$ cat final-v9.cif   # mmCIF, C-alpha atoms
data_work
#
loop_
_atom_site.label_atom_id
_atom_site.label_comp_id
_atom_site.auth_asym_id
_atom_site.auth_seq_id
_atom_site.Cartn_x
_atom_site.Cartn_y
_atom_site.Cartn_z
CA MET D 181 10.32 14.87 -46.00
CA MET D 182 9.20 17.71 -43.74
CA SER D 183 6.55 15.43 -42.28
CA ALA D 184 9.15 12.76 -41.45
CA VAL D 185 11.27 15.37 -39.69
CA ARG D 186 8.25 16.62 -37.75
CA ASP D 187 7.32 13.04 -36.77
CA SER D 188 10.87 12.44 -35.64
CA ASP D 189 10.84 15.67 -33.58
CA ARG D 190 7.53 14.73 -32.02
CA PHE D 191 8.84 11.23 -31.23
CA GLN D 192 11.94 12.66 -29.54
CA GLU D 193 9.82 15.13 -27.61
CA VAL D 194 7.52 12.40 -26.29
CA VAL D 195 10.46 10.23 -25.25
CA ARG D 196 12.24 13.19 -23.65
CA SER D 197 9.11 14.09 -21.74
CA ALA D 198 8.62 10.52 -20.51
CA ALA D 199 12.29 10.30 -19.49
CA ALA D 200 12.03 13.61 -17.61
CA GLN D 201 9.08 12.28 -15.62
CA LEU D 202 11.08 9.32 -14.33
CA VAL D 203 12.68 11.30 -11.52
CA SER D 204 11.00 13.96 -9.41
CA LEU D 205 11.84 15.96 -6.32
CA GLU D 206 9.70 17.10 -3.42
CA VAL D 207 10.78 19.07 -0.36
CA ILE D 208 9.01 18.13 2.88
CA GLY D 209 9.98 19.61 6.24
CA GLY D 210 13.22 20.91 4.78
CA ALA D 211 14.40 17.52 3.50
CA SER D 212 14.51 16.61 -0.18
CA TYR D 213 12.70 13.46 -1.31
CA VAL D 214 13.75 12.09 -4.70
CA THR D 215 11.27 9.75 -6.37
CA THR D 216 13.32 7.36 -8.50
CA PRO D 217 12.18 5.21 -11.44
CA LEU D 218 12.87 2.04 -9.43
CA LEU D 219 9.90 0.01 -8.22
CA TYR D 220 9.55 -2.20 -5.18
CA ALA D 221 7.95 -5.59 -5.87
CA SER D 222 4.58 -4.16 -4.79
CA GLY D 223 4.71 -1.47 -7.48
CA ALA D 224 5.51 1.42 -5.12
CA TYR D 225 8.25 3.72 -6.40
CA VAL D 226 11.48 3.88 -4.42
CA VAL D 227 11.91 7.29 -2.76
CA VAL D 228 15.24 8.44 -1.36
CA ARG D 229 15.76 11.30 1.11
CA VAL D 230 18.67 13.73 0.98
CA GLU D 231 19.60 15.87 4.00
CA ARG D 232 22.50 18.17 4.78
CA SER D 233 25.38 16.73 6.78
CA GLY D 234 27.86 19.57 7.28
CA SER D 235 29.30 20.23 3.86
CA ASP D 236 28.23 16.77 2.68
CA PHE D 237 24.89 15.04 2.09
CA PHE D 238 23.16 12.35 4.13
CA VAL D 239 21.32 10.02 1.73
CA SER D 240 18.89 7.40 3.03
CA ASP D 241 15.76 5.46 2.22
CA PHE D 242 14.43 6.80 5.61
CA GLY D 243 13.24 3.28 6.48
CA ALA D 244 10.79 3.07 3.58
CA GLY D 245 12.17 -0.31 2.48
CA TYR D 246 11.73 -1.66 5.98
CA GLU D 247 8.13 -0.43 6.00
CA GLU D 248 7.47 -2.14 2.65
CA ALA D 249 8.77 -5.37 4.17
CA GLN D 250 6.73 -4.88 7.31
CA GLN D 251 3.57 -4.51 5.23
CA MET D 252 4.31 -8.00 3.92
CA ALA D 253 4.98 -9.30 7.47
CA GLY D 254 8.60 -9.80 6.45
CA GLU D 255 10.53 -7.35 8.64
CA ALA D 256 12.73 -9.99 10.34
CA THR D 257 13.73 -11.41 6.96
CA TYR D 258 14.34 -7.89 5.64
CA LYS D 259 16.76 -7.01 8.43
CA ARG D 260 18.87 -10.09 7.66
CA VAL D 261 18.78 -9.45 3.91
CA ALA D 262 19.42 -5.71 4.26
CA ARG D 263 22.66 -6.22 6.16
CA SER D 264 24.09 -8.41 3.43
CA VAL D 265 22.84 -6.13 0.63
CA ALA D 266 24.46 -3.16 2.39
CA VAL D 267 27.80 -4.94 2.74
CA SER D 268 27.87 -6.06 -0.89
CA ASN D 269 27.08 -2.54 -2.11
CA GLY D 270 29.39 -0.66 0.26
CA VAL D 271 26.63 1.30 1.99
CA ASN D 272 25.41 1.28 5.60
CA PHE D 273 22.34 -0.35 7.10
CA ASP D 274 21.81 1.08 10.56
CA SER D 275 20.33 -2.06 12.20
CA PHE D 276 17.05 -0.27 12.76
CA SER D 277 15.64 0.42 9.32
CA PHE D 278 17.72 2.84 7.24
CA PHE D 279 19.96 2.29 4.25
CA GLU D 280 22.26 5.29 4.46
CA LEU D 281 25.36 6.93 3.06
CA ILE D 282 27.28 10.20 3.46
CA ALA D 283 28.22 11.62 0.06
CA THR D 284 30.05 14.64 -1.28
CA GLU D 285 28.41 16.89 -3.85
CA GLY D 286 30.22 15.08 -6.65
CA GLN D 287 29.02 11.72 -5.34
CA LEU D 288 25.41 12.70 -4.70
CA GLY D 289 23.83 11.32 -7.90
CA GLY D 290 25.61 8.02 -7.51
CA ALA D 291 24.72 7.85 -3.83
CA ILE D 292 21.01 8.37 -4.53
CA ALA D 293 21.10 5.59 -7.16
CA ALA D 294 23.02 3.24 -4.82
CA ILE D 295 20.67 3.74 -1.86
CA ALA D 296 17.59 3.34 -4.07
CA ASN D 297 18.98 0.13 -5.54
CA CYS D 298 19.87 -1.30 -2.12
CA SER D 299 16.42 -0.56 -0.72
CA GLN D 300 14.71 -2.09 -3.75
CA GLU D 301 16.98 -5.14 -3.80
CA ALA D 302 16.45 -5.89 -0.11
CA VAL D 303 12.67 -5.58 -0.38
CA ASN D 304 12.49 -7.72 -3.49
CA ILE D 305 14.71 -10.46 -2.04
CA THR D 306 12.52 -10.38 1.07
CA ALA D 307 9.39 -10.82 -1.08
CA MET D 308 11.03 -13.83 -2.77
CA LYS D 309 12.01 -15.38 0.54
CA LEU D 310 8.48 -14.92 1.88
CA SER D 311 7.19 -16.76 -1.15
CA GLU D 312 9.59 -19.65 -0.38
CA ARG D 313 8.22 -19.69 3.17
CA THR D 314 4.77 -20.10 1.67
CA PHE D 315 6.07 -23.15 -0.20
CA ARG D 316 7.44 -24.68 3.01
CA ASP D 317 4.11 -24.06 4.70
CA GLU D 318 2.28 -25.72 1.83
CA SER D 319 4.49 -28.79 2.18
CA GLU D 320 3.63 -28.85 5.89
CA LEU D 321 -0.09 -28.50 5.12
CA LEU D 322 0.16 -31.34 2.59
CA HIS D 323 1.84 -33.53 5.20
CA GLN D 324 -0.92 -32.77 7.71
CA ARG D 325 -3.56 -33.56 5.09
CA LEU D 326 -1.93 -36.93 4.33
CA ASN D 327 -1.80 -37.68 8.06
CA SER D 328 -5.52 -37.03 8.28
CA ILE D 329 -6.28 -39.35 5.35
CA PHE D 330 -3.89 -42.22 6.08
CA ASP D 331 -2.66 -43.76 9.32
CA PRO D 332 0.21 -41.42 10.34
CA ARG D 333 2.45 -44.49 10.79
CA TYR D 334 2.41 -44.84 7.00
CA VAL D 335 3.23 -41.21 6.24
CA ALA D 336 6.92 -40.25 6.40
CA LYS D 337 8.10 -36.66 6.24
CA ASP D 338 11.31 -35.30 4.69
CA VAL D 339 12.50 -38.57 3.15
CA HIS D 340 15.57 -38.82 0.92
CA ILE D 341 15.59 -41.18 -2.08
CA LEU D 342 18.43 -41.84 -4.54
CA GLY D 343 17.27 -41.28 -8.09
CA SER D 344 18.38 -43.11 -11.21
CA SER D 345 21.21 -40.61 -11.70
CA ASN D 346 22.41 -41.25 -8.12
CA THR D 347 21.16 -37.80 -7.16
CA GLU D 348 19.69 -37.75 -3.67
CA TRP D 349 16.25 -36.15 -3.77
CA HIS D 350 14.30 -34.73 -0.87
CA ILE D 351 10.70 -35.93 -0.76
CA SER D 352 8.26 -33.85 1.30
CA SER D 353 5.94 -36.74 2.15
CA LEU D 354 6.17 -40.44 1.35
CA VAL D 355 3.17 -42.71 1.93
CA THR D 356 4.01 -46.43 2.21
CA ILE D 357 1.21 -48.98 2.48
CA ASN D 358 1.73 -52.70 1.80
CA GLU D 359 4.91 -52.13 -0.24
CA ARG D 360 3.17 -49.43 -2.25
CA LYS D 361 5.16 -46.18 -2.05
CA VAL D 362 3.90 -42.83 -3.27
CA ALA D 363 5.91 -39.60 -3.13
CA PHE D 364 3.74 -36.51 -2.67
CA GLU D 365 5.25 -33.12 -3.47
CA SER D 366 3.68 -29.70 -3.08
CA VAL D 367 4.45 -27.71 -6.24
CA THR D 368 3.77 -23.99 -6.75
CA LYS D 369 3.25 -22.21 -10.07
CA HIS D 370 6.73 -20.65 -9.79
CA PRO D 371 8.93 -21.93 -12.64
CA ASN D 372 11.70 -22.94 -10.22
CA SER D 373 9.29 -25.08 -8.23
CA VAL D 374 7.90 -26.76 -11.35
CA VAL D 375 11.28 -27.44 -12.95
CA HIS D 376 12.78 -28.78 -9.72
CA ALA D 377 9.81 -31.11 -9.16
CA ALA D 378 9.86 -32.26 -12.79
CA ALA D 379 13.57 -33.11 -12.60
CA LYS D 380 13.02 -35.00 -9.36
CA PHE D 381 10.03 -36.96 -10.68
CA GLY D 382 11.88 -37.76 -13.91
CA ASP D 383 14.89 -39.15 -12.07
CA LEU D 384 12.72 -41.19 -9.69
CA ALA D 385 10.61 -42.56 -12.55
CA LEU D 386 13.64 -44.28 -14.06
CA LEU D 387 14.26 -46.38 -10.93
CA ASP D 388 13.41 -50.06 -10.84
CA GLY D 389 10.39 -50.26 -8.58
CA ALA D 390 9.95 -46.50 -8.81
CA PRO D 391 7.63 -44.97 -6.21
CA GLY D 392 4.37 -43.43 -7.35
CA ARG D 393 4.77 -39.72 -7.90
CA VAL D 394 2.12 -37.11 -7.21
CA ALA D 395 2.41 -33.34 -7.62
CA VAL D 396 -0.08 -31.44 -5.47
CA VAL D 397 -0.84 -27.95 -6.79
CA ALA D 398 -3.18 -25.10 -5.83
CA SER D 399 -4.71 -24.89 -9.29
CA LYS D 400 -3.99 -26.88 -12.46
CA LYS D 401 -5.38 -24.05 -14.56
CA LEU D 402 -2.94 -21.60 -13.02
CA LEU D 403 0.01 -23.79 -14.04
CA GLY D 404 -0.71 -23.29 -17.74
CA THR D 405 1.70 -25.24 -19.92
CA TYR D 406 3.75 -26.20 -16.83
CA LEU D 407 1.04 -28.74 -16.05
CA GLY D 408 2.34 -30.73 -19.03
CA VAL D 409 5.91 -30.45 -17.73
CA LEU D 410 4.84 -31.97 -14.42
CA SER D 411 2.61 -34.66 -15.90
CA HIS D 412 5.48 -36.19 -17.93
CA ASN D 413 6.52 -38.21 -14.90
CA ALA D 414 3.91 -37.60 -12.20
CA ARG D 415 0.22 -37.53 -11.60
CA VAL D 416 -1.10 -34.09 -10.69
CA ILE D 417 -3.93 -33.23 -8.33
CA GLU D 418 -5.21 -30.06 -6.75
CA GLN D 419 -4.95 -29.40 -2.99
CA SER D 420 -8.74 -29.33 -2.80
CA ALA D 421 -9.10 -32.91 -4.12
CA GLN D 422 -11.33 -35.25 -2.08
CA ASP D 423 -9.73 -37.72 0.36
CA THR D 424 -10.84 -40.56 -1.91
CA VAL D 425 -8.61 -39.18 -4.69
CA TYR D 426 -5.55 -39.38 -2.43
CA GLN D 427 -6.54 -42.91 -1.37
CA ARG D 428 -6.95 -44.02 -4.99
CA LEU D 429 -3.49 -42.68 -5.87
CA VAL D 430 -1.93 -44.92 -3.22
CA GLN D 431 -4.06 -47.93 -4.19
CA ASP D 432 -3.07 -47.45 -7.85
CA ALA D 433 0.65 -47.42 -7.09
CA ALA D 434 2.40 -50.53 -8.33
CA MET N 203 -9.26 -22.84 5.81
CA VAL N 204 -10.27 -19.30 6.71
CA ASN N 205 -12.47 -17.51 4.19
CA LEU N 206 -10.76 -14.15 3.55
CA GLU N 207 -13.54 -13.07 1.22
CA LYS N 208 -16.07 -13.53 4.01
CA LEU N 209 -13.93 -11.57 6.48
CA TRP N 210 -13.56 -8.78 3.97
CA LYS N 211 -17.28 -8.54 3.25
CA SER N 212 -18.34 -8.66 6.92
CA ASP N 213 -19.15 -5.54 8.93
CA LYS N 214 -16.32 -5.09 11.38
CA ALA N 215 -15.58 -2.98 14.46
CA LEU N 216 -12.41 -2.02 16.32
CA SER N 217 -11.91 -4.38 19.28
CA SER N 218 -9.77 -1.85 21.17
CA GLU N 219 -8.93 1.82 21.40
CA PRO N 220 -5.60 1.75 19.60
CA GLU N 221 -2.79 4.23 20.09
CA TRP N 222 0.04 5.28 17.83
CA ARG N 223 3.29 3.65 18.92
CA ILE N 224 6.67 5.20 18.35
CA ARG N 225 9.60 2.83 17.91
CA GLU N 226 13.14 3.78 18.78
CA ARG N 227 15.00 5.46 15.91
CA VAL N 228 12.20 4.70 13.45
CA GLU N 229 10.44 7.61 11.80
CA PHE N 230 7.30 5.63 10.96
CA VAL N 231 4.66 5.27 13.66
CA ARG N 232 2.15 2.45 13.73
CA LEU N 233 -1.27 1.79 15.15
CA VAL N 234 -2.73 -1.70 15.44
CA SER N 235 -6.11 -3.01 16.57
CA PRO N 236 -7.79 -6.42 16.43
CA LEU N 237 -11.23 -6.43 14.89
CA ASP N 238 -14.62 -7.75 15.99
CA ILE N 239 -17.26 -9.35 13.80
CA ASP N 240 -20.63 -9.75 15.49
CA GLY N 241 -19.05 -9.13 18.89
CA ILE N 242 -16.33 -11.75 18.47
CA THR N 243 -12.70 -10.70 18.16
CA GLU N 244 -11.53 -12.58 15.12
CA GLU N 245 -8.31 -14.58 15.23
CA GLY N 246 -5.60 -13.03 13.06
CA LEU N 247 -7.67 -10.09 11.77
CA LEU N 248 -6.11 -6.65 12.28
CA PHE N 249 -6.57 -3.05 11.31
CA THR N 250 -3.27 -1.18 11.03
CA ALA N 251 -2.26 2.33 10.11
CA ARG N 252 1.20 3.69 9.46
CA ALA N 253 2.34 7.30 9.26
CA HIS N 254 5.61 9.19 8.99
CA ILE N 255 6.17 11.57 11.89
CA TYR N 256 7.81 14.26 9.76
CA MET N 257 5.10 14.29 7.09
CA PRO N 258 2.06 15.95 8.65
CA ASP N 259 -1.34 15.67 6.99
CA ARG N 260 -0.24 13.13 4.41
CA ALA N 261 1.45 9.75 3.82
CA VAL N 262 -0.72 7.47 5.97
CA ALA N 263 -1.23 3.84 4.90
CA PHE N 264 -4.31 2.09 6.27
CA GLN N 265 -4.46 -1.70 6.05
CA LEU N 266 -6.73 -4.58 6.86
CA GLU N 267 -4.48 -7.57 7.58
CA TYR N 268 -4.96 -11.25 8.20
CA HIS N 269 -2.26 -13.33 9.86
CA SER N 270 -2.82 -17.07 9.83
CA ALA N 271 -0.82 -18.92 12.47
CA ARG N 272 -0.56 -22.00 10.25
CA ASN N 273 -0.56 -20.89 6.67
CA ALA N 274 2.00 -18.35 5.41
CA LYS N 275 -0.03 -17.91 2.24
CA LEU N 276 -2.58 -16.17 4.41
CA ARG N 277 -0.34 -13.67 6.18
CA GLY N 278 -0.31 -10.00 5.32
CA PRO N 279 -2.51 -7.19 4.03
CA ILE N 280 -5.82 -7.90 2.30
CA VAL N 281 -6.63 -4.29 1.44
CA ARG N 282 -4.63 -1.04 1.68
CA PHE N 283 -5.45 2.63 1.26
CA ASP N 284 -2.44 4.89 0.69
CA TRP N 285 -3.55 8.41 1.57
CA LEU N 286 -1.51 11.17 -0.12
CA PRO N 287 1.64 9.00 -0.22
CA THR N 288 5.17 10.21 -0.87
CA ALA N 289 5.87 7.26 -3.17
CA PRO N 290 3.72 6.96 -6.29
CA HIS N 291 2.51 3.54 -7.42
CA ASN N 292 2.80 1.62 -10.69
CA ASN N 293 0.74 -1.49 -11.47
CA LYS N 294 3.25 -2.46 -14.17
CA GLY N 295 1.32 -4.60 -16.67
CA ARG N 296 -1.26 -5.80 -14.13
CA GLY N 297 -4.75 -4.73 -13.16
CA PRO N 298 -7.40 -2.77 -15.06
CA LYS N 299 -6.23 -1.84 -18.56
CA GLU N 300 -6.67 1.90 -17.98
CA HIS N 301 -4.41 1.78 -14.92
CA GLN N 302 -1.61 -0.37 -16.34
CA LEU N 303 1.86 1.20 -16.69
CA GLN N 304 0.60 4.47 -15.26
CA THR N 305 2.22 6.39 -12.42
CA ILE N 306 -0.47 6.84 -9.77
CA THR N 307 0.73 9.84 -7.78
CA GLY N 308 -2.10 10.65 -5.35
CA SER N 309 -4.20 8.66 -2.91
CA HIS N 310 -4.81 5.15 -4.14
CA LEU N 311 -6.58 2.00 -3.06
CA HIS N 312 -5.11 -1.51 -3.24
CA SER N 313 -8.58 -3.01 -3.23
CA PHE N 314 -9.48 -6.48 -2.05
CA ASP N 315 -11.32 -7.34 -5.25
CA LEU N 316 -8.44 -6.44 -7.57
CA ASN N 317 -5.87 -8.25 -5.45
CA TRP N 318 -7.88 -11.36 -4.61
CA ASP N 319 -6.72 -14.49 -6.41
CA PRO N 320 -9.71 -16.86 -6.28
CA SER N 321 -7.83 -19.72 -7.93
CA ASN N 322 -5.32 -19.64 -5.07
CA SER N 323 -7.77 -18.58 -2.32
CA ALA N 324 -5.23 -15.95 -1.28
CA MET N 325 -4.17 -12.39 -1.98
CA ARG N 326 -1.97 -11.64 -4.96
CA GLN N 327 1.71 -11.35 -4.10
CA PRO N 328 3.74 -9.44 -3.32
CA ASN N 329 2.02 -6.94 -1.07
CA LEU N 330 -1.23 -6.25 -3.00
CA PRO N 331 0.41 -5.16 -6.28
CA ILE N 332 -2.66 -3.67 -7.98
CA ALA N 333 -4.03 -0.23 -7.08
CA VAL N 334 -6.49 2.29 -8.49
CA PRO N 335 -6.51 6.04 -7.90
CA VAL N 336 -9.05 7.46 -5.47
CA SER N 337 -10.67 10.53 -6.95
CA ASP N 338 -12.31 11.81 -3.73
CA ARG N 339 -10.59 14.94 -2.44
CA LEU N 340 -9.53 13.66 0.96
CA GLU N 341 -7.57 16.56 2.37
CA THR N 342 -7.66 15.91 6.11
CA PHE N 343 -6.85 12.91 8.27
CA LYS N 344 -10.50 12.82 9.40
CA GLU N 345 -11.70 12.68 5.79
CA ALA N 346 -9.27 9.87 5.09
CA LEU N 347 -10.51 7.97 8.16
CA ASP N 348 -14.13 8.40 7.08
CA PHE N 349 -13.25 7.01 3.66
CA VAL N 350 -11.49 3.99 5.21
CA GLU N 351 -14.34 3.36 7.66
CA LYS N 352 -16.75 3.06 4.75
CA GLU N 353 -14.44 1.29 2.31
CA PHE N 354 -13.06 -1.27 4.81
CA ARG N 355 -16.46 -1.68 6.58
CA ILE N 356 -14.97 -0.95 10.02
CA LYS N 357 -17.08 0.92 12.56
CA GLY N 358 -15.46 3.22 15.09
CA LEU N 359 -12.47 4.42 13.10
CA GLY N 360 -13.53 8.02 13.72
CA SER N 361 -12.25 7.70 17.29
CA ILE N 362 -8.67 7.16 16.16
CA PRO N 363 -6.43 10.11 17.03
CA PRO N 364 -4.22 11.67 14.36
CA PRO N 365 -0.63 10.43 14.22
CA PRO N 366 1.93 12.19 16.47
CA TRP N 367 3.19 14.34 13.63
CA THR N 368 5.98 16.74 14.37
CA ALA N 369 8.07 19.29 12.50
CA LYS N 370 11.71 18.44 11.92
CA LEU N 371 14.28 21.17 11.70
CA LEU N 372 16.99 20.25 9.21
#

$ encode --input "final-v9.cif" --output "structure tokens"
Amino acid sequence: MMSAVRDSDRFQEVVRSAAAQLVSLEVIGGASYVTTPLLYASGAYVVVRVERSGSDFFVSDFGAGYEEAQQMAGEATYKRVARSVAVSNGVNFDSFSFFELIATEGQLGGAIAAIANCSQEAVNITAMKLSERTFRDESELLHQRLNSIFDPRYVAKDVHILGSSNTEWHISSLVTINERKVAFESVTKHPNSVVHAAAKFGDLALLDGAPGRVAVVASKKLLGTYLGVLSHNARVIEQSAQDTVYQRLVQDAA
Amino acid sequence: MVNLEKLWKSDKALSSEPEWRIRERVEFVRLVSPLDIDGITEEGLLFTARAHIYMPDRAVAFQLEYHSARNAKLRGPIVRFDWLPTAPHNNKGRGPKEHQLQTITGSHLHSFDLNWDPSNSAMRQPNLPIAVPVSDRLETFKEALDFVEKEFRIKGLGSIPPPPWTAKLL
């Protein structure tokens, strides 16, 4: 019985100690820097600065979120995102780099949490948008690759095809040679990319005279079980495949 | 496609004598220089450093960056050294077992090797998420520069002036 109590005390002590470590304070040059438990996408902790502002407190991320975005070459995206994050959270973004807020003593805890959340949210949305830009670039690279393999007259970009459900699908690149049509789509390992491509391929597959469907991925191994999701209704190749593989896919199309 | 691994492993040198630039109403200052390999200034390859003007003798981030004009997958840092940073780092559940879910509070290195994704021929996203602590006692800016010069394989970093740190009266 005593042992159970001791174990319980020890457990509570460990949890209390871990919880106490989640927030820390450091004073640099007269300003207070609060390290919060929030993490930017990179794994860096979100730090918020508190300064005096008359009888109130000036709370900001001192541009640290902007710097995180700049490290990812995403500062222009960040500025757009930050403005909208600031508006939706009722805080200020100063157009240069700061999320900021003036708070009373009674509001200070909430203000620190709000600024930290805004800075984190803006950086993480920026990281997601940069990853989408990568996808667009990969579609462009795929199109260029197809143009180098086939006569560019046969390679159409950004084509729209009505699927069996009457849904209009965007196709990144469509190769048409002697009535043989093959839709090539660049697909990333991100679940959204896989699921969207799988839905598109599935709907196209049900068409009479359906076009050939090819998912082009960076690495099949990296897709894990998603490879099976894609291969239900499409053939899957890696970006590094030889030109002859691309040519065979078009020749094989019905 | 550019071989980032090859760029990383090559001996490099500053192509210019970079200066710290102050931007209006921004407390972080930045220094940027292209890099040479075997006397050729490489397209898209940069050394950058970032400091906070009100945090003297600490909080400098040194990066080697590659910016492909054509491929967004190859844009951004390929290695980073955070010298005495204000913000600690957490690898979450990634990286070497002994450094997972730990708060790394001092200087730390987002190394190329730990953040290189060979199956994707690109750096892990976002923003080199895996770091390891650096145990060397690097107490001065010069010591930090010497560490970066060796670790990043960049000659001539010793000539870089310290950031324009200043005291702020609050």

$ resolve_selection --input "final-v9.cif" --expression "the PyMOL selection byres ((chain D) within 7 of (chain N))" --output "count of residues only"
23

$ resolve_selection --input "final-v9.cif" --expression "the PyMOL selection byres ((chain D and resi 418-421) around 8)" --output "PyMOL selection string"
chain D and resi 322+396-400+416-417+422-423+425-426

$ closest_residue --input "final-v9.cif" --among "D:Gly245, D:Val374, D:Leu402, D:Leu429" --to "N:Asp319" --atoms "all atoms listed in the file"
D:Leu402

$ axis_aligned_box --input "final-v9.cif" --around "stretch 277-284 of chain D" --padding-each-side "6 Å" --output "AutoDock Vina command-line options"
--center_x 22.8 --center_y 7.5 --center_z 4.0 --size_x 26.4 --size_y 26.2 --size_z 22.6

$ atom_distance --input "final-v9.cif" --atom1 "atom CA of D:Leu387" --atom2 "atom CA of D:Gly408"
21.3 Å

$ resolve_selection --input "final-v9.cif" --expression "the PyMOL selection byres ((chain N and resi 223) around 10)" --output "ChimeraX atom specification"
/N:220-222,224-226,230-234,252,365-366

$ atom_distance --input "final-v9.cif" --atom1 "atom CA of D:Phe242" --atom2 "atom CA of D:Gln300"
12.9 Å

$ residues_near_point --input "final-v9.cif" --point "(-6.0, -11.8, 20.4)" --cutoff "12 Å" --atoms "only C-alpha atoms" --output "list in words"
Ser217, Ser218, Val234, Ser235, Pro236, Leu237, Asp238, Ile242, Thr243, Glu244, Glu245, Gly246, Leu247, Leu248, His269 and Ala271 of chain N

$ residues_around --input "final-v9.cif" --residues "N:Trp210" --least-positions-apart "6" --cutoff "9 Å" --atoms "only C-alpha atoms" --output "NGL selection string"
:N and (266 or 280-281 or 314 or 354-355)

$ residues_near_point --input "final-v9.cif" --point "(14.1, -7.2, 10.7)" --cutoff "9 Å" --atoms "all atoms listed in the file" --output "ChimeraX atom specification"
/D:246,249-250,254-262,275-277

$ closest_residue --input "final-v9.cif" --among "N:Met325, N:Val204, N:Val334, N:Ala346" --to "N:Val262" --atoms "only C-alpha atoms"
N:Ala346
